[in-house]
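Listing of query-v3.cif; format and content: mmCIF, C-alpha atoms.
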```cif
data_run
loop_
_atom_site.label_atom_id
_atom_site.label_comp_id
_atom_site.auth_asym_id
_atom_site.auth_seq_id
_atom_site.Cartn_x
_atom_site.Cartn_y
_atom_site.Cartn_z
CA MET A 1 79.17 -28.68 -52.06
CA ALA A 2 75.57 -29.12 -53.24
CA PRO A 3 73.27 -28.09 -54.78
CA THR A 4 74.82 -26.54 -57.88
CA LEU A 5 73.61 -24.24 -60.62
CA ALA A 6 74.94 -22.78 -63.85
CA LEU A 7 74.49 -19.01 -64.07
CA SER A 8 74.47 -17.96 -67.71
CA PHE A 9 75.77 -14.68 -69.07
CA ARG A 10 76.41 -13.04 -72.40
CA PRO A 11 80.11 -13.31 -73.18
CA PRO A 12 82.72 -12.11 -72.88
CA LEU A 13 83.42 -12.20 -69.14
CA ALA A 14 86.83 -11.21 -67.81
CA TRP A 15 86.63 -13.66 -64.91
CA GLU A 16 90.32 -13.66 -64.00
CA GLU A 17 90.41 -9.86 -63.92
CA LEU A 18 87.26 -9.79 -61.78
CA LEU A 19 88.87 -12.14 -59.27
CA LYS A 20 92.05 -10.03 -59.29
CA PHE A 21 89.94 -7.05 -58.24
CA LEU A 22 88.06 -8.96 -55.53
CA ALA A 23 91.06 -10.85 -54.11
CA PRO A 24 92.93 -7.99 -52.41
CA ARG A 25 89.62 -6.66 -51.07
CA ALA A 26 88.33 -9.96 -49.67
CA ILE A 27 87.34 -9.71 -46.01
CA VAL A 28 89.35 -12.23 -44.01
CA GLY A 29 87.08 -14.80 -42.41
CA VAL A 30 84.09 -13.84 -44.60
CA GLU A 31 85.43 -14.24 -48.15
CA GLN A 32 88.11 -16.21 -49.95
CA VAL A 33 89.40 -15.74 -53.49
CA THR A 34 91.67 -18.24 -55.21
CA ALA A 35 93.16 -18.18 -58.70
CA ASP A 36 89.86 -19.35 -60.21
CA ARG A 37 87.23 -19.38 -57.42
CA TYR A 38 85.29 -16.94 -55.27
CA ARG A 39 83.83 -18.11 -51.95
CA ARG A 40 81.92 -16.42 -49.16
CA VAL A 41 79.39 -17.00 -46.43
CA LEU A 42 76.18 -14.99 -46.34
CA THR A 43 72.66 -14.96 -44.99
CA VAL A 44 69.81 -15.08 -47.50
CA ASP A 45 66.14 -15.04 -46.48
CA GLY A 46 67.18 -15.97 -42.95
CA ASN A 47 69.34 -18.92 -44.05
CA THR A 48 73.12 -19.00 -43.73
CA CYS A 49 74.92 -20.53 -46.67
CA CYS A 50 78.40 -20.75 -48.16
CA VAL A 51 78.75 -20.03 -51.87
CA GLU A 52 81.51 -21.04 -54.26
CA ALA A 53 81.65 -19.62 -57.80
CA GLY A 54 83.89 -20.58 -60.69
CA GLN A 55 83.78 -20.31 -64.46
CA LEU A 56 82.00 -23.26 -66.06
CA ASP A 57 82.52 -22.25 -69.70
CA ASP A 58 82.51 -19.18 -71.93
CA SER A 59 78.88 -18.39 -71.16
CA ALA A 60 78.20 -19.63 -67.62
CA LEU A 61 79.46 -19.65 -64.06
CA SER A 62 79.19 -22.74 -61.89
CA ILE A 63 77.69 -22.02 -58.48
CA ALA A 64 77.80 -24.45 -55.57
CA VAL A 65 76.04 -23.83 -52.27
CA SER A 66 76.16 -25.54 -48.89
CA GLY A 67 73.96 -24.90 -45.89
CA ALA A 68 70.93 -23.77 -47.87
CA ALA A 69 67.78 -25.43 -49.17
CA LYS A 70 67.82 -26.57 -52.77
CA GLY A 71 65.26 -23.93 -53.67
CA ALA A 72 67.70 -21.19 -52.69
CA LEU A 73 69.35 -21.49 -56.10
CA GLY A 74 66.23 -21.54 -58.22
CA PRO A 75 65.80 -19.11 -61.12
CA GLY A 76 64.81 -15.72 -59.80
CA SER A 77 65.54 -16.63 -56.18
CA THR A 78 67.07 -14.07 -53.83
CA LEU A 79 70.40 -15.90 -53.79
CA THR A 80 70.54 -16.28 -57.56
CA GLU A 81 69.80 -12.60 -58.09
CA LEU A 82 72.42 -11.63 -55.49
CA LEU A 83 75.06 -13.62 -57.32
CA ARG A 84 74.07 -12.30 -60.73
CA ASP A 85 74.43 -8.82 -59.29
CA LEU A 86 77.71 -9.56 -57.50
CA PHE A 87 79.34 -10.69 -60.74
CA ASP A 88 77.47 -8.17 -62.92
CA LEU A 89 76.22 -10.92 -65.21
CA ASP A 90 73.36 -8.90 -66.69
CA ALA A 91 75.46 -6.01 -67.96
CA PRO A 92 75.06 -5.19 -71.69
CA ILE A 93 78.74 -5.93 -71.98
CA GLU A 94 79.04 -5.89 -75.78
CA GLU A 95 77.48 -2.43 -75.87
CA ILE A 96 79.72 -1.25 -73.04
CA ASP A 97 82.93 -2.56 -74.59
CA THR A 98 82.03 -1.14 -78.00
CA HIS A 99 81.32 2.28 -76.51
CA LEU A 100 84.48 2.44 -74.41
CA ALA A 101 86.65 1.16 -77.26
CA THR A 102 85.88 4.34 -79.21
CA SER A 103 88.13 6.13 -76.71
CA ARG A 104 91.77 6.21 -77.73
CA ARG A 105 92.71 6.07 -74.04
CA LEU A 106 90.54 3.05 -73.23
CA ALA A 107 90.66 1.07 -76.49
CA PRO A 108 93.84 -0.89 -75.66
CA LEU A 109 92.50 -1.64 -72.17
CA VAL A 110 89.23 -3.00 -73.55
CA THR A 111 91.19 -5.10 -76.05
CA ARG A 112 93.30 -6.50 -73.22
CA SER A 113 90.35 -7.23 -70.90
CA PRO A 114 87.14 -7.66 -72.90
CA GLY A 115 84.11 -8.27 -70.73
CA LEU A 116 85.46 -6.54 -67.63
CA ARG A 117 82.58 -6.17 -65.16
CA VAL A 118 81.85 -3.93 -62.19
CA PRO A 119 81.41 -6.23 -59.18
CA GLY A 120 78.35 -5.58 -57.06
CA ALA A 121 77.81 -6.37 -53.40
CA CYS A 122 76.11 -9.22 -51.58
CA ASP A 123 75.41 -6.79 -48.75
CA GLY A 124 75.11 -3.05 -49.36
CA PHE A 125 75.91 -2.16 -45.76
CA GLU A 126 79.05 -4.31 -45.91
CA LEU A 127 80.14 -2.48 -49.05
CA ALA A 128 79.49 0.86 -47.34
CA TRP A 129 81.57 0.22 -44.23
CA ARG A 130 84.30 -1.30 -46.39
CA ALA A 131 84.31 1.94 -48.40
CA VAL A 132 84.67 4.02 -45.24
CA LEU A 133 87.58 1.86 -44.13
CA GLY A 134 89.15 2.51 -47.54
CA GLN A 135 89.25 6.26 -47.10
CA GLN A 136 92.80 7.60 -47.50
CA VAL A 137 94.48 4.23 -46.96
CA SER A 138 95.80 1.55 -49.29
CA VAL A 139 93.66 -1.38 -50.41
CA ALA A 140 95.82 -3.67 -48.27
CA GLY A 141 95.42 -1.42 -45.24
CA ALA A 142 91.65 -1.25 -45.68
CA THR A 143 91.43 -5.04 -46.04
CA THR A 144 93.36 -5.52 -42.80
CA LEU A 145 90.93 -3.23 -41.01
CA ALA A 146 87.98 -5.02 -42.63
CA GLY A 147 89.17 -8.34 -41.24
CA ARG A 148 89.45 -6.85 -37.76
CA PHE A 149 86.00 -5.29 -38.07
CA ALA A 150 84.43 -8.58 -39.15
CA ALA A 151 86.18 -10.41 -36.30
CA ALA A 152 84.91 -7.85 -33.79
CA PHE A 153 81.29 -7.58 -34.97
CA GLY A 154 80.54 -10.55 -37.22
CA GLN A 155 78.89 -13.68 -35.88
CA ALA A 156 81.01 -16.84 -35.90
CA THR A 157 79.88 -19.64 -38.19
CA ASN A 158 81.09 -22.98 -39.58
CA THR A 159 81.67 -23.83 -43.24
CA GLU A 160 83.52 -26.56 -45.08
CA PHE A 161 86.28 -24.04 -45.81
CA PRO A 162 88.52 -23.41 -42.79
CA GLU A 163 89.25 -19.87 -43.96
CA ILE A 164 85.57 -18.87 -43.93
CA VAL A 165 84.42 -18.66 -40.33
CA ARG A 166 82.38 -15.51 -39.88
CA LEU A 167 79.26 -13.76 -41.13
CA THR A 168 79.51 -10.15 -42.17
CA PRO A 169 78.55 -7.70 -39.40
CA THR A 170 74.91 -6.64 -39.41
CA ALA A 171 73.85 -3.01 -39.44
CA SER A 172 71.85 -3.45 -36.24
CA ASP A 173 74.82 -4.85 -34.32
CA VAL A 174 77.13 -2.04 -35.43
CA ALA A 175 74.49 0.65 -34.90
CA SER A 176 74.17 -0.33 -31.24
CA ALA A 177 77.92 -0.46 -30.61
CA ASP A 178 79.88 2.23 -28.81
CA VAL A 179 82.10 4.37 -31.00
CA GLU A 180 85.04 3.32 -28.82
CA GLN A 181 84.32 -0.34 -29.60
CA ILE A 182 84.49 0.36 -33.31
CA ALA A 183 87.60 2.50 -32.96
CA ALA A 184 89.34 -0.35 -31.13
CA ILE A 185 90.07 -2.07 -34.46
CA GLY A 186 92.54 0.74 -35.18
CA LEU A 187 90.41 3.66 -36.33
CA PRO A 188 90.29 7.34 -35.40
CA ILE A 189 87.21 8.14 -33.34
CA ARG A 190 85.73 10.24 -36.13
CA ARG A 191 85.95 7.43 -38.65
CA ALA A 192 84.46 5.01 -36.13
CA ALA A 193 81.59 7.45 -35.66
CA THR A 194 81.11 7.55 -39.43
CA ILE A 195 80.77 3.77 -39.57
CA ARG A 196 78.21 3.83 -36.78
CA GLY A 197 76.36 6.59 -38.62
CA VAL A 198 76.32 4.46 -41.76
CA ALA A 199 74.99 1.53 -39.72
CA ARG A 200 72.20 3.61 -38.21
CA LEU A 201 71.21 4.88 -41.66
CA ALA A 202 71.20 1.27 -42.93
CA VAL A 203 68.87 0.27 -40.09
CA GLU A 204 66.52 3.21 -40.66
CA GLN A 205 66.68 3.30 -44.47
CA PRO A 206 68.01 -0.04 -45.77
CA GLU A 207 66.90 0.82 -49.31
CA PHE A 208 69.68 3.42 -49.46
CA PHE A 209 72.21 0.57 -49.72
CA ALA A 210 70.48 -1.57 -52.33
CA PRO A 211 70.27 -1.65 -56.13
CA GLY A 212 67.29 0.20 -57.53
CA CYS A 213 67.29 2.95 -54.93
CA ASP A 214 66.76 6.59 -55.89
CA LEU A 215 70.39 7.50 -56.60
CA GLU A 216 70.10 11.19 -55.84
CA VAL A 217 68.15 10.67 -52.61
CA ALA A 218 70.58 7.99 -51.41
CA ARG A 219 73.63 10.09 -52.34
CA THR A 220 72.25 13.11 -50.50
CA ALA A 221 71.54 11.02 -47.40
CA LEU A 222 75.05 9.57 -47.46
CA LEU A 223 76.74 12.94 -47.99
CA ASP A 224 74.80 14.33 -45.05
CA LEU A 225 76.62 11.89 -42.77
CA PRO A 226 79.78 13.32 -41.15
CA GLY A 227 82.80 11.65 -42.70
CA ILE A 228 81.17 10.69 -46.01
CA GLY A 229 82.51 12.58 -49.02
CA PRO A 230 82.14 12.31 -52.79
CA TRP A 231 84.66 9.45 -53.15
CA THR A 232 82.85 7.21 -50.64
CA ALA A 233 79.39 8.07 -51.97
CA SER A 234 80.48 7.36 -55.56
CA TYR A 235 82.09 4.04 -54.64
CA ILE A 236 78.89 2.95 -52.89
CA ALA A 237 76.89 4.07 -55.93
CA MET A 238 79.20 2.15 -58.25
CA ARG A 239 79.03 -1.19 -56.46
CA ALA A 240 76.03 -1.22 -54.13
CA HIS A 241 73.60 0.95 -56.09
CA ARG A 242 74.77 -0.45 -59.45
CA ASP A 243 75.11 2.99 -61.03
CA ARG A 244 76.90 2.17 -64.28
CA ASP A 245 77.90 5.80 -64.73
CA ALA A 246 79.37 6.36 -61.26
CA PHE A 247 82.84 7.86 -61.47
CA LEU A 248 85.44 8.52 -58.78
CA GLU A 249 87.21 11.62 -60.01
CA ASN A 250 88.90 12.06 -56.61
CA ASP A 251 90.41 8.58 -56.65
CA LEU A 252 94.21 8.68 -56.66
CA GLY A 253 94.46 5.58 -58.85
CA ILE A 254 92.14 6.99 -61.50
CA LYS A 255 93.95 10.33 -61.56
CA LYS A 256 97.24 8.46 -61.87
CA ALA A 257 95.98 6.23 -64.68
CA LEU A 258 94.67 9.28 -66.56
CA ASP A 259 97.74 11.36 -65.74
CA GLN A 260 95.37 14.07 -64.54
CA PRO A 261 96.29 16.00 -61.37
CA THR A 262 92.83 17.39 -60.60
CA PRO A 263 89.33 15.94 -60.27
CA GLN A 264 88.05 18.50 -62.79
CA ALA A 265 90.52 17.28 -65.41
CA ALA A 266 89.55 13.66 -64.76
CA ILE A 267 85.85 14.52 -65.14
CA ALA A 268 86.53 16.31 -68.41
CA GLN A 269 88.41 13.33 -69.85
CA ALA A 270 85.73 10.89 -68.68
CA LYS A 271 82.83 12.84 -70.20
CA ALA A 272 83.00 10.83 -73.44
CA TRP A 273 82.62 7.55 -71.51
CA HIS A 274 79.12 8.38 -70.26
CA PRO A 275 76.92 6.41 -69.49
CA TYR A 276 79.45 3.69 -68.59
CA ARG A 277 82.07 5.54 -66.58
CA ALA A 278 82.04 2.90 -63.81
CA TYR A 279 83.36 0.36 -66.34
CA ALA A 280 85.94 2.86 -67.50
CA ALA A 281 87.07 3.15 -63.87
CA MET A 282 87.49 -0.61 -63.66
CA HIS A 283 89.67 -0.60 -66.76
CA LEU A 284 91.76 2.27 -65.40
CA TRP A 285 92.30 0.52 -62.06
CA SER A 286 93.19 -2.68 -63.90
CA SER A 287 95.76 -0.81 -65.98
CA LEU A 288 97.71 0.04 -62.82
#
```
Kindly transcribe the structure held in the file into structure tokens.
Amino acid sequence: MAPTLALSFRPPLAWEELLKFLAPRAIVGVEQVTADRYRRVLTVDGNTCCVEAGQLDDSALSIAVSGAAKGALGPGSTLTELLRDLFDLDAPIEEIDTHLATSRRLAPLVTRSPGLRVPGACDGFELAWRAVLGQQVSVAGATTLAGRFAAAFGQATNTEFPEIVRLTPTASDVASADVEQIAAIGLPIRRAATIRGVARLAVEQPEFFAPGCDLEVARTALLDLPGIGPWTASYIAMRAHRDRDAFLENDLGIKKALDQPTPQAAIAQAKAWHPYRAYAAMHLWSSL
């Protein structure tokens, strides 16, 4: 693949742990995660390209791109910024690790996985519908549904990787679909309607699914949609909006890791981790 670029970051970076988080959530046909590489197809500035990322050394990732102009990987380009965001390369990771390590509960987790990042999203709408599919089902179950959804609504494409054959569904295509078409992937009608509602919001207000949005305005708009609750809104805030303090107190995994039976108890324990509760959540999920 060519051209290539080194994306620098301030170490440490828990690359293997990041891939272990992304791997079971990879959308079949759109993404592929190996033991040391992340690959996906995406559209940037109207151009379709396939990206492969791996760790170059202790302070840089190696990025290779096919199907895009050489300028697509220039410093400050849309693609470069997307990838920096996806891998959370600009996080003040030393400050975050130092802060979380003051917690007796988190200290051993930070020691085990220094530099653990919160992965972002190449496409905020994609992250949103993936979050809806993840409601009240296992990660594996949600990933199966995500593959079906991409196959049903994503445009076919060709890449040098036989496993990557489809673009992620666009908000406009999903917004114009019948609820029954969406439900045909194996969803209840109400959840299919929620996905279409998310798509229509993404068409009308795309900024609500991007980093830098007004967090409170976006959260209110999401919670106003039937079928969107605090867990889904917080997960979108954590990964699409890049809210470093987002916390999923209703998440079963987090409550299990904290040995806390109620959301209120989880919130109370997490208070000391402000303003980096999203990173605490990543450590807690990793501990399971």
Could I get the residues of segment 124-172 of chain A with an atom no further than 12 Å from an atom of segment 242-259 of chain A, each paired with its nearest atom pair and that distance in Å to one decimal, using all atoms listed in the file, sorted by chain and residue number, as JSON lines?
```
{"residue": "A:Gly124", "atom": "CA", "partner": "A:Arg242", "partner_atom": "CA", "distance": 10.4}
{"residue": "A:Leu127", "atom": "CA", "partner": "A:Arg242", "partner_atom": "CA", "distance": 11.9}
{"residue": "A:Gly134", "atom": "CA", "partner": "A:Asp251", "partner_atom": "CA", "distance": 11.0}
{"residue": "A:Gln135", "atom": "CA", "partner": "A:Asp251", "partner_atom": "CA", "distance": 9.9}
{"residue": "A:Gln136", "atom": "CA", "partner": "A:Leu252", "partner_atom": "CA", "distance": 9.3}
{"residue": "A:Val137", "atom": "CA", "partner": "A:Leu252", "partner_atom": "CA", "distance": 10.7}
{"residue": "A:Ser138", "atom": "CA", "partner": "A:Leu252", "partner_atom": "CA", "distance": 10.4}
{"residue": "A:Val139", "atom": "CA", "partner": "A:Gly253", "partner_atom": "CA", "distance": 11.0}
```
So that I have them on file, write out the residues from the current selection with C-alpha atoms, as a PDB file, in the frame of the given file.
```pdb
ATOM      1  CA  GLY A 124      75.110  -3.050 -49.360  1.00  0.00           C
ATOM      2  CA  LEU A 127      80.140  -2.480 -49.050  1.00  0.00           C
ATOM      3  CA  GLY A 134      89.150   2.510 -47.540  1.00  0.00           C
ATOM      4  CA  GLN A 135      89.250   6.260 -47.100  1.00  0.00           C
ATOM      5  CA  GLN A 136      92.800   7.600 -47.500  1.00  0.00           C
ATOM      6  CA  VAL A 137      94.480   4.230 -46.960  1.00  0.00           C
ATOM      7  CA  SER A 138      95.800   1.550 -49.290  1.00  0.00           C
ATOM      8  CA  VAL A 139      93.660  -1.380 -50.410  1.00  0.00           C
TER       9      VAL A 139
END
```
One residue among A:Tyr38, A:Phe208, A:Phe21, A:Trp15 is nearest to Met282 of chain A when using all atoms listed in the file, and that residue is A:Phe21
- Task: For Thr170 of chain A, work out the shell of residues within 10 Å, counting all atoms listed in the file and skipping chain neighbours fewer than 2 positions away, then give it as JSON, numbers by chain.
- Result: {"A": [123, 125, 126, 150, 153, 154, 155, 167, 168, 172, 173, 174, 175, 199, 202, 203]}
* Asked: Just so the selection is clear, what residues does the PyMOL selection byres ((chain A and resi 280) around 12) cover here, as a VMD selection string?
  -> chain A and resid 96 to 103 105 to 110 113 to 118 238 244 to 249 254 257 to 258 266 to 267 269 to 279 281 to 287
Handout entry: Nearby residues (all atoms listed in the file) at most 10 Å from Leu215 of chain A, same-chain spacing under 3 positions excluded, as JSON, numbers by chain
Key = {"A": [208, 209, 211, 212, 218, 219, 220, 221, 237, 241, 242, 243]}
Q. So which residues touch Trp129 of chain A within 10 Å, counting all atoms listed in the file, skipping near sequence neighbours fewer than 2 positions away, as a PyMOL selection string?
A. chain A and resi 124-127+131-134+146+149+169+171+192+194-199+232+236
Query raised in the report: So, counting all atoms listed in the file, which residue among A:Ala268, A:Ala6, A:Cys213, A:Cys122 is closest to Ser62 of chain A?
Result: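 Using all atoms listed in the file, Ser62 of chain A sits closest to A:Ala6.
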Discussion item. What does the structure give for the distance between atom CA of Leu7 of chain A and atom CA of Arg112 of chain A, in Å to one decimal?
Written reply: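 Between atom CA of Leu7 of chain A and atom CA of Arg112 of chain A the gap is 24.4 Å.
Candidate residues A:Pro92, A:Pro206, A:Gly147, A:Gly29 were compared for distance to Pro162 of chain A, and the nearest is A:Gly29, using all atoms listed in the file.
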Practice problem: Determine, counting all atoms listed in the file, which protein, DNA and RNA residues have an atom within 7 Å of an atom of Leu86 of chain A; residues of the same chain fewer than 4 positions away are not included. Present the result as a VMD selection string. | Solution: chain A and resid 82 119 to 122
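Shortest atom-to-atom contact with Ile185 of chain A among A:Ala91, A:Val41, A:Ala152, A:Gly76: A:Ala152, counting all atoms listed in the file.
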| message | Using only C-alpha atoms, can you tell me which of A:Pro226, A:Gly54, A:Gly67, A:Gly141 comes closest to Ile27 of chain A? | response |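 Comparing A:Pro226, A:Gly54, A:Gly67, A:Gly141 against Ile27 of chain A, the winner is A:Gly141.
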Cys49 of chain A proximity check over A:Arg166, A:Arg239, A:Arg25, A:Lys20, using all atoms listed in the file: winner is A:Arg166
Pairwise distance, atom CA of Ala156 of chain A with atom CA of Gly46 of chain A, equals 15.5 Å
For the provided coordinates, the residues matched by the PyMOL selection byres ((chain A and resi 159) around 12) should be stated as a list in words.
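Evaluating the PyMOL selection byres ((chain A and resi 159) around 12) on these coordinates yields Met1, Gly29, Val30, Glu31, Arg39, Arg40, Val41, Leu42, Thr48, Cys49, Cys50, Val51, Glu52, Val65, Ser66, Gly67, Ala68, Ala156, Thr157, Asn158, Glu160, Phe161, Pro162, Glu163, Ile164, Val165, Arg166 and Leu167 of chain A.
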Go ahead and write the selection's residues with C-alpha atoms as a short mmCIF file (atom, residue, chain, number, x, y, z; two decimals), keeping the file's coordinate frame.
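Contents of result05.cif, as written:
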```cif
data_model
loop_
_atom_site.label_atom_id
_atom_site.label_comp_id
_atom_site.auth_asym_id
_atom_site.auth_seq_id
_atom_site.Cartn_x
_atom_site.Cartn_y
_atom_site.Cartn_z
CA MET A 1 79.17 -28.68 -52.06
CA GLY A 29 87.08 -14.80 -42.41
CA VAL A 30 84.09 -13.84 -44.60
CA GLU A 31 85.43 -14.24 -48.15
CA ARG A 39 83.83 -18.11 -51.95
CA ARG A 40 81.92 -16.42 -49.16
CA VAL A 41 79.39 -17.00 -46.43
CA LEU A 42 76.18 -14.99 -46.34
CA THR A 48 73.12 -19.00 -43.73
CA CYS A 49 74.92 -20.53 -46.67
CA CYS A 50 78.40 -20.75 -48.16
CA VAL A 51 78.75 -20.03 -51.87
CA GLU A 52 81.51 -21.04 -54.26
CA VAL A 65 76.04 -23.83 -52.27
CA SER A 66 76.16 -25.54 -48.89
CA GLY A 67 73.96 -24.90 -45.89
CA ALA A 68 70.93 -23.77 -47.87
CA ALA A 156 81.01 -16.84 -35.90
CA THR A 157 79.88 -19.64 -38.19
CA ASN A 158 81.09 -22.98 -39.58
CA GLU A 160 83.52 -26.56 -45.08
CA PHE A 161 86.28 -24.04 -45.81
CA PRO A 162 88.52 -23.41 -42.79
CA GLU A 163 89.25 -19.87 -43.96
CA ILE A 164 85.57 -18.87 -43.93
CA VAL A 165 84.42 -18.66 -40.33
CA ARG A 166 82.38 -15.51 -39.88
CA LEU A 167 79.26 -13.76 -41.13
#
```
Handout entry: All residues 6 Å or closer to segment 9-12 of chain A, all atoms listed in the file, same chain fewer than 4 positions away omitted, as a PyMOL selection string
Key = chain A and resi 59-60+89+115
Draw an axis-aligned box over all listed atoms of segment 196-200 of chain A, pad each side with 8 Å, and write its centre and edge lengths in Å, one decimal, as JSON.
```
{"center_x": 75.2, "center_y": 4.1, "center_z": -39.3, "size_x": 22.0, "size_y": 21.1, "size_z": 21.0}
```
- request: Rounded to one decimal place, report the atom CA of Pro188 of chain A-atom CA of Val28 of chain A distance in Å.
  value: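 Calculated distance between atom CA of Pro188 of chain A and atom CA of Val28 of chain A is 21.4 Å.
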